[in-house]
file structure_20.cif (mmCIF, C-alpha atoms and all ligand atoms)
data_start
#
loop_
_atom_site.label_atom_id
_atom_site.label_comp_id
_atom_site.auth_asym_id
_atom_site.auth_seq_id
_atom_site.Cartn_x
_atom_site.Cartn_y
_atom_site.Cartn_z
CA MET F 1 73.13 70.58 224.55
CA SER F 2 71.60 68.88 221.51
CA GLU F 3 68.42 70.33 220.05
CA ALA F 4 65.15 69.05 221.49
CA LEU F 5 63.21 66.59 219.33
CA LEU F 6 60.22 68.96 219.15
CA THR F 7 60.60 72.73 219.42
CA VAL F 8 57.55 74.98 219.37
CA ASP F 9 57.68 78.75 219.73
CA GLY F 10 55.15 81.50 219.10
CA LEU F 11 52.41 79.04 218.14
CA GLN F 12 49.12 80.69 217.15
CA ALA F 13 45.96 78.83 216.15
CA TRP F 14 42.47 79.69 214.98
CA TYR F 15 39.10 78.02 214.56
CA GLY F 16 37.64 80.17 211.81
CA ARG F 17 37.90 83.72 213.13
CA ALA F 18 38.33 82.67 216.76
CA HIS F 19 41.95 83.14 217.83
CA ILE F 20 42.54 80.24 220.26
CA LEU F 21 46.30 79.88 220.85
CA ASP F 22 48.48 82.89 221.41
CA GLY F 23 52.20 82.28 221.56
CA ILE F 24 52.53 78.74 222.94
CA ALA F 25 56.17 77.73 223.42
CA LEU F 26 57.39 74.30 224.47
CA THR F 27 60.02 71.68 223.83
CA VAL F 28 60.06 67.90 224.09
CA GLY F 29 63.49 66.35 224.47
CA ARG F 30 64.44 62.91 223.20
CA GLY F 31 62.98 60.27 225.48
CA GLU F 32 61.16 62.89 227.51
CA VAL F 33 57.49 62.89 228.57
CA VAL F 34 55.96 66.38 228.76
CA ALA F 35 52.44 67.05 230.07
CA LEU F 36 50.40 69.89 228.66
CA MET F 37 48.13 70.90 231.52
CA GLY F 38 45.26 73.31 232.07
CA ARG F 39 41.55 73.48 232.77
CA ASN F 40 38.72 72.65 230.37
CA GLY F 41 38.96 74.79 227.27
CA ALA F 42 42.52 76.01 228.05
CA GLY F 43 43.71 74.96 224.61
CA LYS F 44 45.46 71.63 225.25
CA THR F 45 43.74 69.71 222.45
CA THR F 46 44.15 72.66 220.09
CA THR F 47 47.90 72.73 220.80
CA LEU F 48 48.24 69.08 219.79
CA LYS F 49 46.07 69.63 216.72
CA ALA F 50 48.10 72.71 215.77
CA ILE F 51 51.38 70.75 215.96
CA MET F 52 49.75 68.08 213.79
CA GLY F 53 48.48 70.62 211.24
CA LEU F 54 44.83 69.84 211.93
CA VAL F 55 43.81 73.46 212.60
CA GLU F 56 44.80 76.74 211.01
CA ARG F 57 48.06 77.71 212.68
CA ARG F 58 51.18 79.80 212.43
CA ALA F 59 54.39 79.50 214.42
CA ALA F 60 57.69 81.31 214.75
CA THR F 61 59.26 77.86 215.25
CA LEU F 62 57.73 74.42 214.77
CA ARG F 63 60.49 71.88 214.30
CA LEU F 64 60.81 68.12 214.67
CA ASP F 65 64.37 66.83 214.74
CA GLY F 66 65.54 69.93 212.85
CA CYS F 67 62.80 69.65 210.22
CA ASP F 68 60.42 72.61 209.77
CA LEU F 69 56.80 71.42 210.19
CA SER F 70 55.16 74.84 210.03
CA ALA F 71 54.09 74.66 206.40
CA LEU F 72 53.53 70.90 206.16
CA PRO F 73 50.15 69.16 205.90
CA THR F 74 49.13 66.54 208.47
CA HIS F 75 50.03 63.45 206.41
CA ARG F 76 53.60 64.72 205.86
CA ILE F 77 53.97 65.41 209.61
CA ALA F 78 52.77 61.87 210.36
CA ARG F 79 55.24 60.48 207.82
CA LEU F 80 58.08 62.35 209.56
CA GLY F 81 57.37 60.36 212.73
CA VAL F 82 54.67 62.12 214.72
CA GLY F 83 51.97 59.75 216.00
CA TYR F 84 48.74 61.42 217.08
CA VAL F 85 46.23 59.72 219.39
CA PRO F 86 43.07 61.86 219.58
CA GLU F 87 40.75 61.87 222.55
CA ASP F 88 37.96 60.07 220.71
CA ARG F 89 38.69 56.48 219.77
CA ARG F 90 39.67 55.82 216.18
CA ILE F 91 39.51 52.12 215.62
CA PHE F 92 37.98 50.13 212.80
CA ALA F 93 35.10 48.55 214.67
CA ASP F 94 34.51 45.81 212.08
CA LEU F 95 38.13 44.65 212.20
CA THR F 96 39.75 42.50 214.88
CA VAL F 97 42.41 43.78 217.25
CA GLU F 98 45.14 42.14 215.13
CA GLU F 99 43.68 43.54 211.90
CA ASN F 100 43.51 47.03 213.42
CA LEU F 101 47.21 46.78 214.28
CA GLU F 102 48.09 45.69 210.74
CA VAL F 103 46.31 48.76 209.35
CA GLY F 104 48.75 50.94 211.32
CA ARG F 105 51.93 49.15 210.23
CA GLN F 106 54.66 51.38 208.73
CA PRO F 107 58.31 50.73 207.92
CA PRO F 108 60.86 51.18 210.74
CA ARG F 109 62.17 54.69 211.26
CA PRO F 110 65.82 55.42 212.16
CA GLY F 111 66.16 56.52 215.79
CA ALA F 112 62.62 55.45 216.76
CA PRO F 113 61.55 52.25 218.53
CA VAL F 114 60.23 49.55 216.19
CA TRP F 115 56.90 47.95 217.15
CA THR F 116 55.38 44.62 216.22
CA PRO F 117 52.02 43.20 217.31
CA GLU F 118 53.83 40.80 219.69
CA LYS F 119 55.76 43.64 221.34
CA LEU F 120 52.52 45.61 221.69
CA PHE F 121 50.73 42.63 223.18
CA ALA F 122 53.48 42.48 225.83
CA LEU F 123 52.84 46.18 226.53
CA PHE F 124 49.04 45.78 226.61
CA PRO F 125 48.34 42.25 227.93
CA ASN F 126 44.58 42.78 227.85
CA LEU F 127 44.77 43.39 224.07
CA ALA F 128 46.67 40.13 223.68
CA GLU F 129 43.78 38.27 225.28
CA MET F 130 41.35 39.70 222.76
CA ARG F 131 43.50 39.68 219.62
CA GLY F 132 40.78 38.02 217.54
CA ARG F 133 37.97 40.21 218.87
CA ARG F 134 36.25 42.86 216.78
CA GLY F 135 36.20 46.49 217.89
CA THR F 136 32.45 46.41 218.34
CA ARG F 137 32.96 44.01 221.26
CA MET F 138 35.50 46.12 223.17
CA SER F 139 34.96 48.57 226.03
CA GLY F 140 35.81 52.26 225.63
CA GLY F 141 39.06 51.84 227.59
CA GLU F 142 40.09 48.85 225.48
CA GLN F 143 39.39 50.81 222.32
CA GLN F 144 41.57 53.63 223.67
CA MET F 145 44.44 51.18 224.25
CA LEU F 146 43.97 49.80 220.73
CA THR F 147 44.05 53.31 219.24
CA LEU F 148 47.37 53.92 220.99
CA ALA F 149 48.74 50.52 219.98
CA ARG F 150 47.76 51.05 216.35
CA THR F 151 49.47 54.44 216.32
CA LEU F 152 52.63 52.82 217.70
CA MET F 153 52.60 50.40 214.72
CA GLY F 154 53.59 53.48 212.68
CA ASN F 155 56.90 53.55 214.65
CA PRO F 156 56.66 57.23 215.65
CA SER F 157 59.56 59.09 217.24
CA LEU F 158 57.15 61.51 218.92
CA LEU F 159 53.75 60.60 220.30
CA LEU F 160 51.02 63.22 220.84
CA LEU F 161 48.50 61.78 223.32
CA ASP F 162 45.29 63.69 223.93
CA GLU F 163 43.84 63.19 227.44
CA PRO F 164 44.91 59.54 227.77
CA SER F 165 43.21 59.06 231.15
CA GLU F 166 39.92 60.81 230.30
CA GLY F 167 36.83 58.70 230.93
CA LEU F 168 38.75 55.54 231.84
CA ALA F 169 38.07 53.25 234.80
CA PRO F 170 40.75 53.47 237.54
CA LEU F 171 42.27 50.08 236.64
CA ILE F 172 42.60 51.08 232.97
CA VAL F 173 44.09 54.46 234.00
CA ARG F 174 46.83 52.57 235.88
CA GLN F 175 47.47 50.36 232.84
CA MET F 176 47.66 53.45 230.64
CA ALA F 177 50.17 55.10 233.01
CA ASP F 178 52.29 51.91 233.01
CA ALA F 179 52.18 51.87 229.22
CA VAL F 180 53.36 55.50 228.95
CA ARG F 181 56.24 54.80 231.35
CA ARG F 182 57.27 51.80 229.27
CA LEU F 183 57.09 53.85 226.07
CA LYS F 184 59.49 56.30 227.68
CA ALA F 185 61.76 53.40 228.66
CA GLU F 186 61.74 52.37 224.97
CA GLY F 187 63.09 55.82 224.12
CA LEU F 188 59.89 57.34 222.76
CA SER F 189 59.23 61.05 223.29
CA VAL F 190 55.70 61.93 224.39
CA LEU F 191 53.68 65.13 224.59
CA LEU F 192 50.38 64.48 226.34
CA SER F 193 47.48 66.71 227.24
CA GLU F 194 46.11 65.98 230.67
CA GLN F 195 43.80 67.44 233.27
CA SER F 196 44.58 64.87 235.92
CA LEU F 197 47.49 65.93 238.10
CA SER F 198 47.85 62.41 239.48
CA PHE F 199 48.17 60.87 236.00
CA ALA F 200 50.60 63.58 234.83
CA SER F 201 52.74 63.27 237.96
CA ALA F 202 52.89 59.50 237.48
CA VAL F 203 54.25 59.69 233.92
CA ALA F 204 55.69 63.11 233.02
CA ASP F 205 59.13 64.64 233.47
CA ARG F 206 58.02 68.21 232.83
CA ALA F 207 54.77 70.17 232.55
CA CYS F 208 53.60 73.15 230.52
CA VAL F 209 50.57 74.87 232.02
CA ILE F 210 48.28 76.80 229.70
CA GLU F 211 45.25 79.01 230.24
CA THR F 212 43.08 80.67 227.58
CA GLY F 213 45.56 79.68 224.88
CA ARG F 214 48.62 81.16 226.59
CA LEU F 215 51.55 79.46 228.26
CA ARG F 216 51.45 80.40 231.96
CA TRP F 217 54.08 78.20 233.57
CA THR F 218 56.64 75.58 232.68
CA GLY F 219 58.89 73.46 234.88
CA THR F 220 59.53 69.97 236.15
CA MET F 221 56.69 67.84 237.42
CA THR F 222 58.36 67.90 240.84
CA GLU F 223 58.33 71.71 240.82
CA LEU F 224 54.67 71.76 239.82
CA MET F 225 53.72 69.38 242.62
CA ALA F 226 55.50 71.70 245.09
CA ASP F 227 53.91 74.90 243.75
CA ASP F 228 50.49 75.31 245.37
CA GLY F 229 50.03 78.76 243.81
CA VAL F 230 50.38 77.59 240.20
CA ARG F 231 48.17 74.58 240.79
CA ALA F 232 45.46 76.68 242.43
CA ALA F 233 45.60 79.37 239.74
CA TYR F 234 45.59 77.23 236.61
CA LEU F 235 44.59 73.66 237.38
CA ALA F 236 41.35 72.18 238.59
CA VAL F 237 41.90 71.11 242.16
P1 LIG W 301 39.22 70.09 227.11
O1 LIG W 301 39.88 69.45 228.27
O2 LIG W 301 37.84 70.57 227.39
O3 LIG W 301 39.33 69.32 225.84
P2 LIG W 301 41.29 71.82 226.07
O4 LIG W 301 42.27 72.47 226.97
O5 LIG W 301 41.76 70.66 225.29
O6 LIG W 301 40.01 71.45 226.92
P3 LIG W 301 40.52 72.95 223.55
O7 LIG W 301 39.64 71.81 223.17
O8 LIG W 301 41.85 73.05 222.88
O9 LIG W 301 40.74 72.95 225.12
O10 LIG W 301 39.70 74.29 223.35
C1 LIG W 301 40.28 75.58 223.42
C2 LIG W 301 39.25 76.61 223.06
O11 LIG W 301 38.87 76.45 221.69
C3 LIG W 301 37.97 76.52 223.86
O12 LIG W 301 37.55 77.84 224.13
C4 LIG W 301 36.99 75.86 222.93
O13 LIG W 301 35.69 76.28 223.16
C5 LIG W 301 37.47 76.32 221.56
N1 LIG W 301 37.19 75.33 220.51
C6 LIG W 301 37.54 74.04 220.53
N2 LIG W 301 37.17 73.41 219.39
C7 LIG W 301 36.57 74.35 218.62
C8 LIG W 301 35.96 74.35 217.32
N3 LIG W 301 35.94 73.25 216.56
N4 LIG W 301 35.45 75.51 216.87
C9 LIG W 301 35.50 76.64 217.62
N5 LIG W 301 36.05 76.72 218.85
C10 LIG W 301 36.59 75.59 219.35
#

call {"tool": "encode", "arguments": {"input": "structure_20.cif", "output": "structure tokens"}}
result
Amino acid sequence: MSEALLTVDGLQAWYGRAHILDGIALTVGRGEVVALMGRNGAGKTTTLKAIMGLVERRAATLRLDGCDLSALPTHRIARLGVGYVPEDRRIFADLTVEENLEVGRQPPRPGAPVWTPEKLFALFPNLAEMRGRRGTRMSGGEQQMLTLARTLMGNPSLLLLDEPSEGLAPLIVRQMADAVRRLKAEGLSVLLSEQSLSFASAVADRACVIETGRLRWTGTMTELMADDGVRAAYLAV
């Protein structure tokens, strides 16, 4: 079997002196969608930040496509093809939708899907309708879509998505789930943090369940849906 795109083992992370992650291990295969699940404060966001080099971290293994990320700063990790979409929206409010997309544009990357504004407008039709609109005149959900679309303009091979369904209206949640499925169909690999079992089961192939910074369970989404014990123990129900 070929090596996974992302391999994480023995991941530790700290905020100052607080030891938050203790030995997280996970893989994301090429074209696979993996959901990082767990209750509030379990360490999902911190895991994504640790992969991205945004918190103090140490790992036995932290590799992307055979490349060791463990000592690299965030901008080098981004340049290697990891796109990070944080939970809070990061758009330039004074720029239009189209201008925001241009800010994210990077050269194509071998082995990763190549994105253009037109291709992204096909993926997010509601953004197409407001291509000339400034960020200040967009709803929270629309800003979230634009943050994702702008990250895709960097042509990542791996996307880290933090709580993509959090705080969104049901219609926008469905659009977000459709978008993630289409990203997978394009060949993108995705690691997303998610509290919503229904969103995760709609988009993910596998799940990693964490609690207080430790990996408690890993398996396919189908196995998780069938395992009442794991869901009751580690997920909000
Ligand atoms: P949520 O769904 O609430 O975002 P999460 O699973 O993403 O939960 P994290 O945000 O990764 O959880 O938080 C993990 C732990 O780290 C929690 O105990 C939290 O209080 C703590 N923590 C998070 N951010 C900081 C920070 N900047 N400084 C200190 N502790 C933090």

call {"tool": "residues_near_ligand", "arguments": {"input": "structure_20.cif", "ligand": "ligand LIG 301 (chain W)", "cutoff": "6 Å", "atoms": "only C-alpha atoms and all ligand atoms", "output": "MDAnalysis selection string"}}
result
chainID F and resid 15 20 38:46

call {"tool": "write_last_selection", "arguments": {"input": "structure_20.cif", "atoms": "C-alpha atoms", "output": "compact mmCIF listing (two decimals), in the coordinates of the input"}}
result
# COMPACT_ATOMS: atom_id res chain seq x y z
CA TYR F 15 39.10 78.02 214.56
CA ILE F 20 42.54 80.24 220.26
CA GLY F 38 45.26 73.31 232.07
CA ARG F 39 41.55 73.48 232.77
CA ASN F 40 38.72 72.65 230.37
CA GLY F 41 38.96 74.79 227.27
CA ALA F 42 42.52 76.01 228.05
CA GLY F 43 43.71 74.96 224.61
CA LYS F 44 45.46 71.63 225.25
CA THR F 45 43.74 69.71 222.45
CA THR F 46 44.15 72.66 220.09

call {"tool": "residues_near_point", "arguments": {"input": "structure_20.cif", "point": "(45.3, 47.4, 214.4)", "cutoff": "9 Å", "atoms": "all atoms listed in the file", "output": "list in words"}}
result
Ile91, Phe92, Leu95, Thr96, Val97, Glu98, Glu99, Asn100, Leu101, Glu102, Val103, Gly104, Arg105, Pro117, Leu146, Thr147, Ala149, Arg150, Thr151 and Met153 of chain F

call {"tool": "residues_around", "arguments": {"input": "structure_20.cif", "residues": "Pro125 of chain F", "least_positions_apart": "2", "cutoff": "12 Å", "atoms": "only C-alpha atoms", "output": "list of chain:residue names"}}
result
F:Pro117, F:Glu118, F:Lys119, F:Leu120, F:Phe121, F:Ala122, F:Leu123, F:Leu127, F:Ala128, F:Glu129, F:Met130, F:Arg131, F:Glu142, F:Met145, F:Leu146, F:Ala149, F:Ile172, F:Gln175, F:Met176, F:Asp178, F:Ala179

call {"tool": "closest_residue", "arguments": {"input": "structure_20.cif", "among": "F:Thr47, F:Thr7, F:Thr74, F:Gln106", "to": "Leu62 of chain F", "atoms": "all atoms listed in the file"}}
result
F:Thr7

call {"tool": "residues_around", "arguments": {"input": "structure_20.cif", "residues": "segment 82-90 of chain F", "least_positions_apart": "2", "cutoff": "7 Å", "atoms": "all atoms listed in the file", "output": "ChimeraX atom specification"}}
result
/F:77-78,80,92,143-144,147-148,151,156-163

call {"tool": "closest_residue", "arguments": {"input": "structure_20.cif", "among": "F:Leu215, F:Ala93, F:Cys208, F:Met225", "to": "Leu11 of chain F", "atoms": "all atoms listed in the file"}}
result
F:Leu215

call {"tool": "atom_distance", "arguments": {"input": "structure_20.cif", "atom1": "atom CA of Asn126 of chain F", "atom2": "atom CA of Ser139 of chain F"}}
result
11.4 Å

call {"tool": "closest_residue", "arguments": {"input": "structure_20.cif", "among": "F:Val230, F:Leu72, F:Leu6, F:Val114", "to": "Val55 of chain F", "atoms": "all atoms listed in the file"}}
result
F:Leu72

call {"tool": "closest_residue", "arguments": {"input": "structure_20.cif", "among": "F:Gly81, F:Gly219, F:Gly167, F:Gly10", "to": "Asp205 of chain F", "atoms": "all atoms listed in the file"}}
result
F:Gly219

call {"tool": "residues_around", "arguments": {"input": "structure_20.cif", "residues": "Val209 of chain F", "least_positions_apart": "4", "cutoff": "12 Å", "atoms": "only C-alpha atoms", "output": "NGL selection string"}}
result
:F and (24-26 or 34-39 or 42-44 or 47 or 192-195 or 197 or 200 or 213-221 or 224 or 230-236)

call {"tool": "write_last_selection", "arguments": {"input": "structure_20.cif", "atoms": "C-alpha atoms", "output": "PDB file, in the frame of the given file"}}
result
ATOM      1  CA  ILE F  24      52.530  78.740 222.940  1.00  0.00           C
ATOM      2  CA  ALA F  25      56.170  77.730 223.420  1.00  0.00           C
ATOM      3  CA  LEU F  26      57.390  74.300 224.470  1.00  0.00           C
ATOM      4  CA  VAL F  34      55.960  66.380 228.760  1.00  0.00           C
ATOM      5  CA  ALA F  35      52.440  67.050 230.070  1.00  0.00           C
ATOM      6  CA  LEU F  36      50.400  69.890 228.660  1.00  0.00           C
ATOM      7  CA  MET F  37      48.130  70.900 231.520  1.00  0.00           C
ATOM      8  CA  GLY F  38      45.260  73.310 232.070  1.00  0.00           C
ATOM      9  CA  ARG F  39      41.550  73.480 232.770  1.00  0.00           C
ATOM     10  CA  ALA F  42      42.520  76.010 228.050  1.00  0.00           C
ATOM     11  CA  GLY F  43      43.710  74.960 224.610  1.00  0.00           C
ATOM     12  CA  LYS F  44      45.460  71.630 225.250  1.00  0.00           C
ATOM     13  CA  THR F  47      47.900  72.730 220.800  1.00  0.00           C
ATOM     14  CA  LEU F 192      50.380  64.480 226.340  1.00  0.00           C
ATOM     15  CA  SER F 193      47.480  66.710 227.240  1.00  0.00           C
ATOM     16  CA  GLU F 194      46.110  65.980 230.670  1.00  0.00           C
ATOM     17  CA  GLN F 195      43.800  67.440 233.270  1.00  0.00           C
ATOM     18  CA  LEU F 197      47.490  65.930 238.100  1.00  0.00           C
ATOM     19  CA  ALA F 200      50.600  63.580 234.830  1.00  0.00           C
ATOM     20  CA  GLY F 213      45.560  79.680 224.880  1.00  0.00           C
ATOM     21  CA  ARG F 214      48.620  81.160 226.590  1.00  0.00           C
ATOM     22  CA  LEU F 215      51.550  79.460 228.260  1.00  0.00           C
ATOM     23  CA  ARG F 216      51.450  80.400 231.960  1.00  0.00           C
ATOM     24  CA  TRP F 217      54.080  78.200 233.570  1.00  0.00           C
ATOM     25  CA  THR F 218      56.640  75.580 232.680  1.00  0.00           C
ATOM     26  CA  GLY F 219      58.890  73.460 234.880  1.00  0.00           C
ATOM     27  CA  THR F 220      59.530  69.970 236.150  1.00  0.00           C
ATOM     28  CA  MET F 221      56.690  67.840 237.420  1.00  0.00           C
ATOM     29  CA  LEU F 224      54.670  71.760 239.820  1.00  0.00           C
ATOM     30  CA  VAL F 230      50.380  77.590 240.200  1.00  0.00           C
ATOM     31  CA  ARG F 231      48.170  74.580 240.790  1.00  0.00           C
ATOM     32  CA  ALA F 232      45.460  76.680 242.430  1.00  0.00           C
ATOM     33  CA  ALA F 233      45.600  79.370 239.740  1.00  0.00           C
ATOM     34  CA  TYR F 234      45.590  77.230 236.610  1.00  0.00           C
ATOM     35  CA  LEU F 235      44.590  73.660 237.380  1.00  0.00           C
ATOM     36  CA  ALA F 236      41.350  72.180 238.590  1.00  0.00           C
TER      37      ALA F 236
END

call {"tool": "decode", "arguments": {"input": "structure_20.cif", "residues": "segment 31-128 of chain F", "atoms": "C-alpha atoms", "output": "short mmCIF file (atom, residue, chain, number, x, y, z; two decimals), in the first residue's frame"}}
result
data_model
loop_
_atom_site.label_atom_id
_atom_site.label_comp_id
_atom_site.auth_asym_id
_atom_site.auth_seq_id
_atom_site.Cartn_x
_atom_site.Cartn_y
_atom_site.Cartn_z
CA GLY F 31 -8.55 11.54 -1.92
CA GLU F 32 -9.84 10.58 1.50
CA VAL F 33 -12.03 12.66 3.85
CA VAL F 34 -11.30 12.06 7.54
CA ALA F 35 -13.38 13.59 10.36
CA LEU F 36 -11.76 14.49 13.64
CA MET F 37 -14.55 14.15 16.16
CA GLY F 38 -15.04 14.82 19.86
CA ARG F 39 -16.87 17.04 22.31
CA ASN F 40 -16.19 20.71 23.05
CA GLY F 41 -12.62 21.17 24.19
CA ALA F 42 -11.53 17.64 23.12
CA GLY F 43 -8.63 19.07 21.12
CA LYS F 44 -9.91 19.01 17.53
CA THR F 45 -8.94 22.60 16.68
CA THR F 46 -5.61 22.17 18.46
CA THR F 47 -4.85 19.08 16.36
CA LEU F 48 -5.37 21.04 13.14
CA LYS F 49 -3.32 23.95 14.48
CA ALA F 50 -0.55 21.57 15.56
CA ILE F 51 -0.35 20.02 12.08
CA MET F 52 -0.18 23.55 10.67
CA GLY F 53 2.55 24.62 13.10
CA LEU F 54 0.37 27.25 14.77
CA VAL F 55 0.91 25.96 18.32
CA GLU F 56 3.94 24.58 20.11
CA ARG F 57 4.07 20.91 19.13
CA ARG F 58 6.23 17.85 18.88
CA ALA F 59 5.56 14.64 16.98
CA ALA F 60 7.19 11.26 16.47
CA THR F 61 5.92 11.46 12.87
CA LEU F 62 4.38 14.39 11.00
CA ARG F 63 4.72 13.83 7.28
CA LEU F 64 2.99 15.13 4.17
CA ASP F 65 3.66 13.14 1.02
CA GLY F 66 6.93 11.86 2.52
CA CYS F 67 8.06 15.33 3.61
CA ASP F 68 8.80 15.91 7.31
CA LEU F 69 6.69 18.83 8.60
CA SER F 70 7.64 18.52 12.26
CA ALA F 71 10.25 21.27 12.29
CA LEU F 72 8.73 23.52 9.63
CA PRO F 73 7.05 26.89 10.25
CA THR F 74 3.46 27.49 9.12
CA HIS F 75 4.25 29.34 5.88
CA ARG F 76 6.49 26.47 4.67
CA ILE F 77 3.74 23.94 5.48
CA ALA F 78 1.24 26.04 3.51
CA ARG F 79 3.69 26.22 0.60
CA LEU F 80 3.98 22.42 0.59
CA GLY F 81 0.25 22.19 -0.14
CA VAL F 82 -1.66 22.28 3.13
CA GLY F 83 -4.66 24.63 3.05
CA TYR F 84 -6.03 25.62 6.45
CA VAL F 85 -9.55 27.00 6.91
CA PRO F 86 -9.95 28.18 10.52
CA GLU F 87 -13.27 28.30 12.31
CA ASP F 88 -13.43 32.09 12.32
CA ARG F 89 -13.84 33.71 8.93
CA ARG F 90 -10.74 35.18 7.36
CA ILE F 91 -11.83 37.29 4.46
CA PHE F 92 -10.80 40.78 3.44
CA ALA F 93 -14.03 42.60 4.17
CA ASP F 94 -13.17 45.63 2.02
CA LEU F 95 -12.47 43.51 -1.06
CA THR F 96 -15.04 41.94 -3.38
CA VAL F 97 -15.57 38.19 -3.66
CA GLU F 98 -13.49 38.10 -6.86
CA GLU F 99 -10.72 40.18 -5.30
CA ASN F 100 -10.64 37.91 -2.25
CA LEU F 101 -10.17 34.92 -4.55
CA GLU F 102 -7.31 36.64 -6.40
CA VAL F 103 -5.51 37.23 -3.09
CA GLY F 104 -5.44 33.45 -2.58
CA ARG F 105 -4.12 32.55 -6.05
CA GLN F 106 -0.99 30.35 -6.11
CA PRO F 107 0.72 28.45 -8.92
CA PRO F 108 -0.58 24.94 -9.74
CA ARG F 109 0.88 22.11 -7.69
CA PRO F 110 1.70 18.69 -9.18
CA GLY F 111 -0.79 16.05 -8.05
CA ALA F 112 -3.29 18.57 -6.64
CA PRO F 113 -6.46 19.89 -8.29
CA VAL F 114 -6.05 23.30 -9.94
CA TRP F 115 -8.69 25.92 -9.07
CA THR F 116 -9.80 29.04 -10.91
CA PRO F 117 -12.48 31.53 -9.87
CA GLU F 118 -14.82 30.09 -12.55
CA LYS F 119 -14.38 26.54 -11.25
CA LEU F 120 -15.01 27.77 -7.70
CA PHE F 121 -18.12 29.65 -8.78
CA ALA F 122 -19.43 26.36 -10.21
CA LEU F 123 -18.75 24.76 -6.82
CA PHE F 124 -20.32 27.63 -4.84
CA PRO F 125 -23.11 29.06 -7.03
CA ASN F 126 -24.15 31.56 -4.37
CA LEU F 127 -20.65 33.11 -4.49
CA ALA F 128 -20.98 33.46 -8.26
#
